Every structure is written in C-alpha cells, then in structure tokens.
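So the structure is just underneath, and the comments pick up after that.
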Amino acid sequence: MRIGVTREKRSGERRVAATPETVQQLIGMGLDVVVEKGAGVESGYSDDAFKEVGATIAATLPLGTLDVLVHVRPLTPQIVKSLKKGALTVGLASPSTELATVSALASAKVTSFALELIPRISRAQSMDALSSQSLVGGYRAVIEALTRYPRFFPLYMTAAGTIPPAKVLVLGAGVAGLQAIGTAKRLGAKVSANDIRAASADEVRSMGGTFINLDLDANAEGTGGYAKELAEDRAKRQRDLLAPHVAAADILITTAAIPGRAAPLLVTKKMVQGMKPGSVVIDLAAETGGNVEGVVAGKDTAVPVKGGTVTLVGLQDAPSAIPSDASRLYAKNVANLLSLMTKDGKVSPDYSDEVISGSCLTRDGEVKHEPTAQALAAKSSKPAKAATTTKAAKAPATTKKGTK
C-alpha cells in the first residue's frame with residue numbers, strides 16, 4: 001500500500017507529518033512511502049534523508065494513486081477531490097471549523113482520521129497529537145514572553161542591588177499549561193497557576209508552581225481530562241476572582257481550551273488594563289477566539305495602561321515555531337496510529353477498536369463524528385448523512401490531562 005507524505009501548503013506551517021525515523025517505521029510495516037519534494041525541508045529533514053531510509057521522492061504527490069495520505073494541517077476540499085475513492089487520510093482535521101473539507105471527505109467517500117478525536121485514554125497516549133503539540137506550544141509561549149519582557153526572569157542578588165524574579169501566572173493547567181509552568185520555573189520565575197479542575201492542583205505543584213484555588217464550588221471536570229465550560233454567572237465570578245492575580249503578574253499565559261468550541265473568555269480588557277506597564281500576555285488560544293478579550297491571532301497588540309503599555313500576543317502556529325521537534329513528536333503520533341491499523345503490510349482499520357473508531361471522522365460517505373455531523377446539518381439546513389450506530393466509547397481511567 002502506498003502512503004503519501006504531503007508538503008504543507010498553509011502559510012506559516014513548517015511541520016511535516018513524517019520524519020526519516022517514522023518513514024523507516026512505516027516501511028518496516030510493509031508499506032510503500034512517497035514523500036513530496038521538500039516536505040521536510042523547513043523541519044530540518046532533507047529529501048536525501050528520506051531517500052536514505054527507502055522513501056520515494058515525488059515532485060508532486062500522485063494523489064489519485066495513494067492509499068493513505070498523512071498531513072499536519074487540515075486538507076483543502078480541492079486536495080480531497082483528487083484522492084481516490086476509499087483512500088484514507090490521517091492528520092489534524094479541525095472538524096468544528098473545516099466543515100467544507102469534512103463535507104468533501106464524506107462526498108468523496110474518503111475515510112479520514114482526525115487526530116483531535118483520539119480518545120484520551122492511557123493506551124492512546126502515543127498517538128495523542130493534541131498533547132504532543134500542546135507540549136511544544138506551552139514551551140514556546142514562555143520563550144515568546146521572555147523575548148518581549150523588558151526585565152529579567154530570575155532573581156539576581158548583586159552588589160548593585162537585588163532584582164526580584166518575574167511573576168508568571170498561567171491559566172489552564174493542561175499539557176500546555178504544565179509545560180509553561182515548568183519552563184518558566186526553570187528560567188527562574190515565580191510561577192502561579194489556576195485551573196477550574198480541582199484535580200490539577202497537585203500537577204501544578206509537581207511542576208514547581210503555586211496553585212491558586214478560586215473556590216468556585218463547581219463541578220468543572222469534563223471528559224478526557226478537559227475542563228467543562230462554565231455557566232456565564234460562574235465564568236464572571238471566575239474572572240472577578242482572577243482579576244487581582246492578573247494585576248499582580250508580570251507575565252500572563254493563557255492556555256484554556258474546550259474541544260470543538262470557542263476558547264472560554266478568562267481575561268477581560270479591563271483586567272489587562274489593570275496590569276503593570278511592561279507586562280506581557282501570551283494567549284495560546286488565540287486561534288480559537290482567545291482567552292483574552294481583544295486578542296488577535298498572529299499579532300502583538302499594545303494595550304495602553306497607566307504609565308505605558310501591556311503587550312498582548314495572540315500566539316499562532318506555536319508548534320511550527322519549533323518545527324523539527326514538533327514534527328518528530330507529531331510524526332510519531334501518526335506512525336503509531338497507522339501501526340495500530342496495519343497488518344501484514346495492509347492498512348485495514350479495525351473499527352471495533354475504540355481508538356480507531358473514536359478518531360474516525362468520515363467513512364463510507366458518512367460523517368462518523370456526531371457533533372460535526374450536527375454542525376453540517378445546521379449549516380446546510382438539511383439532514384446530515386451521519387452514522388446512527390456510532391456509540392461513544394467508554395474511556396477507562398487515565399492520568400492524562402488535556403487542556404491546550
């Protein structure tokens with residue numbers, strides 16, 4: 001079977017869905033791998049490196065002959081239409097926002113697997129691209145803050161005086177948040193964090209942070225380690241309780257996300273205006289609406305405050321800023337999922353497996369992911385052709401946490 005590795009076409013995307021290491025893994029499973037010319041260049045993986053492990057390099061991918069296409073960013077409807085009937089795709093699909101592509105996948109009878117839908121269970125951790133890329137994003141958020149912050153991060157006691165450490169506040173203690181906490185702590189900052197999930201307190205402390213307990217008296221634990229969306233009255237109270245902590249912070253990093261929905265608003269413009277001049281706000285959820293009011297994805301905004309400005313950063317394509325390691329992790333997620341589907345050199349998904357069924361977005365002309373099918377139906381005002389027999393897998397207990 002022929003596996004195609006595409007060169008990402010979206011502006012700003014520097015990752016690739018396979019590396020020489022994972023190509024070797026796929027070939028060892030009996031698969032034939034074709035890599036589009038230059039696919040890994042921006043990630044530091046040359047065409048020659050792919051050739052050395054047995055891949056074929058193609059100037060243009062022969063989409064119509066591929067059995068499987070692996071990708072990073074969601075495909076376009078035009079690419080989908082070029083695939084043969086029955087082909088498989090594996091990659092990030094952003095089903096809640098890329099409805100045109102989902103519709104095209106179903107119409108073309110392409111079987112697609114969305115890595116966002118990988119069940120948050122222990123045995124699927126090696127395939128969990130959201131977690132691997134959130135780790136990269138959390139690290140990058142601190143680095144981006146560091147380059148904009150006009151003062152030191154660590155404590156310095158010198159003959160000329162003492163310089164206090166920067167105060168970093170992280171909102172959202174999932175994979176990205178915990179990585180941000182750990183990175184800021186290693187750089188010498190004084191770090192505190194909040195997450196509405198009470199279970200995250202021990203994880204924050206394990207990374208060296210101080211947990212801020214707002215005592216919201218709400219059952220905020222969602223499925224898969226995510227937080228549930230708070231009712232508006234609770235969300236307002238959360239913002240009110242966070243306000244003094246935001247005002248005291250030199251660096252604010254927000255990472256909160258709810259799968260398939262807009263990012264929750266955690267910080268209002270008024271809260272930002274209460275921060276000290278020179279402070280920096282990094283919003284990792286900017287691409288899905290943002291946790292901070294007024295944030296613009298991909299842009300720095302100077303927010304006027306008394307005595308100066310606060311820099312509000314809508315971080316975009318954070319994992320792509322560290323493309324080599326981000327690709328290494330992502331490609332391994334992709335290869336591990338394909339390994340689960342492959343037997344005797346043939347990719348043949350076993351839909352009785354909850355990881356495979358849970359991550360399947362489209363199959364046999366149907367949208368298998370119910371929320372996406374409903375969104376398509378609402379958009380077209382016609383009944384969506386969706387599977388009626390799909391049942392939500394009952395996930396066993398896991399220790400993973402997964403806000404963005």
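If you're wondering about the labels, chains in the structure tokens are A, B, ... by order shown, residues count from 1 in each chain, ligands from 1 in order shown.
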Exercise for review: Give me every strand (DSSP E) residue in region 202-380 of chain A, going by DSSP on the backbone, as an MDAnalysis selection string.
Suggested key: chainID A and resid 210:211 251:254 280:283 300:305 308:314 342:343 346:347 360:363 366:367
Practice item. Write out as number ranges by chain all residues of region 158-318 of chain A that backbone DSSP assigns to helix (DSSP H, G or I). Key: A: 175-186, 198-206, 223-225, 232-248, 269-273, 286-288
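The list of residues with at least one atom within 8 Å of Glu287 (chain A), based on only C-alpha atoms and without residues fewer than 4 positions apart in the same chain, reads Ala297, Gly314, Leu315 and Gln316 of chain A.
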N, CA and C atoms of the current selection, written as a short mmCIF file (atom, residue, chain, number, x, y, z; two decimals), in the first residue's frame:
```cif
data_model
loop_
_atom_site.label_atom_id
_atom_site.label_comp_id
_atom_site.auth_asym_id
_atom_site.auth_seq_id
_atom_site.Cartn_x
_atom_site.Cartn_y
_atom_site.Cartn_z
N ALA A 297 -5.18 36.77 16.67
CA ALA A 297 -4.26 35.67 16.36
C ALA A 297 -3.17 36.14 15.39
N GLY A 314 -1.21 37.33 20.47
CA GLY A 314 -2.06 36.23 20.01
C GLY A 314 -1.19 35.18 19.34
N LEU A 315 -0.73 34.22 20.11
CA LEU A 315 0.23 33.25 19.58
C LEU A 315 -0.43 32.36 18.54
N GLN A 316 0.19 32.27 17.38
CA GLN A 316 -0.34 31.47 16.28
C GLN A 316 0.74 30.53 15.77
#
```
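For the set A:Val246, A:Ile79, A:Tyr139, A:Leu338, the residue with the smallest atom-to-atom gap to Arg186 (chain A) is A:Tyr139, counting only C-alpha atoms.
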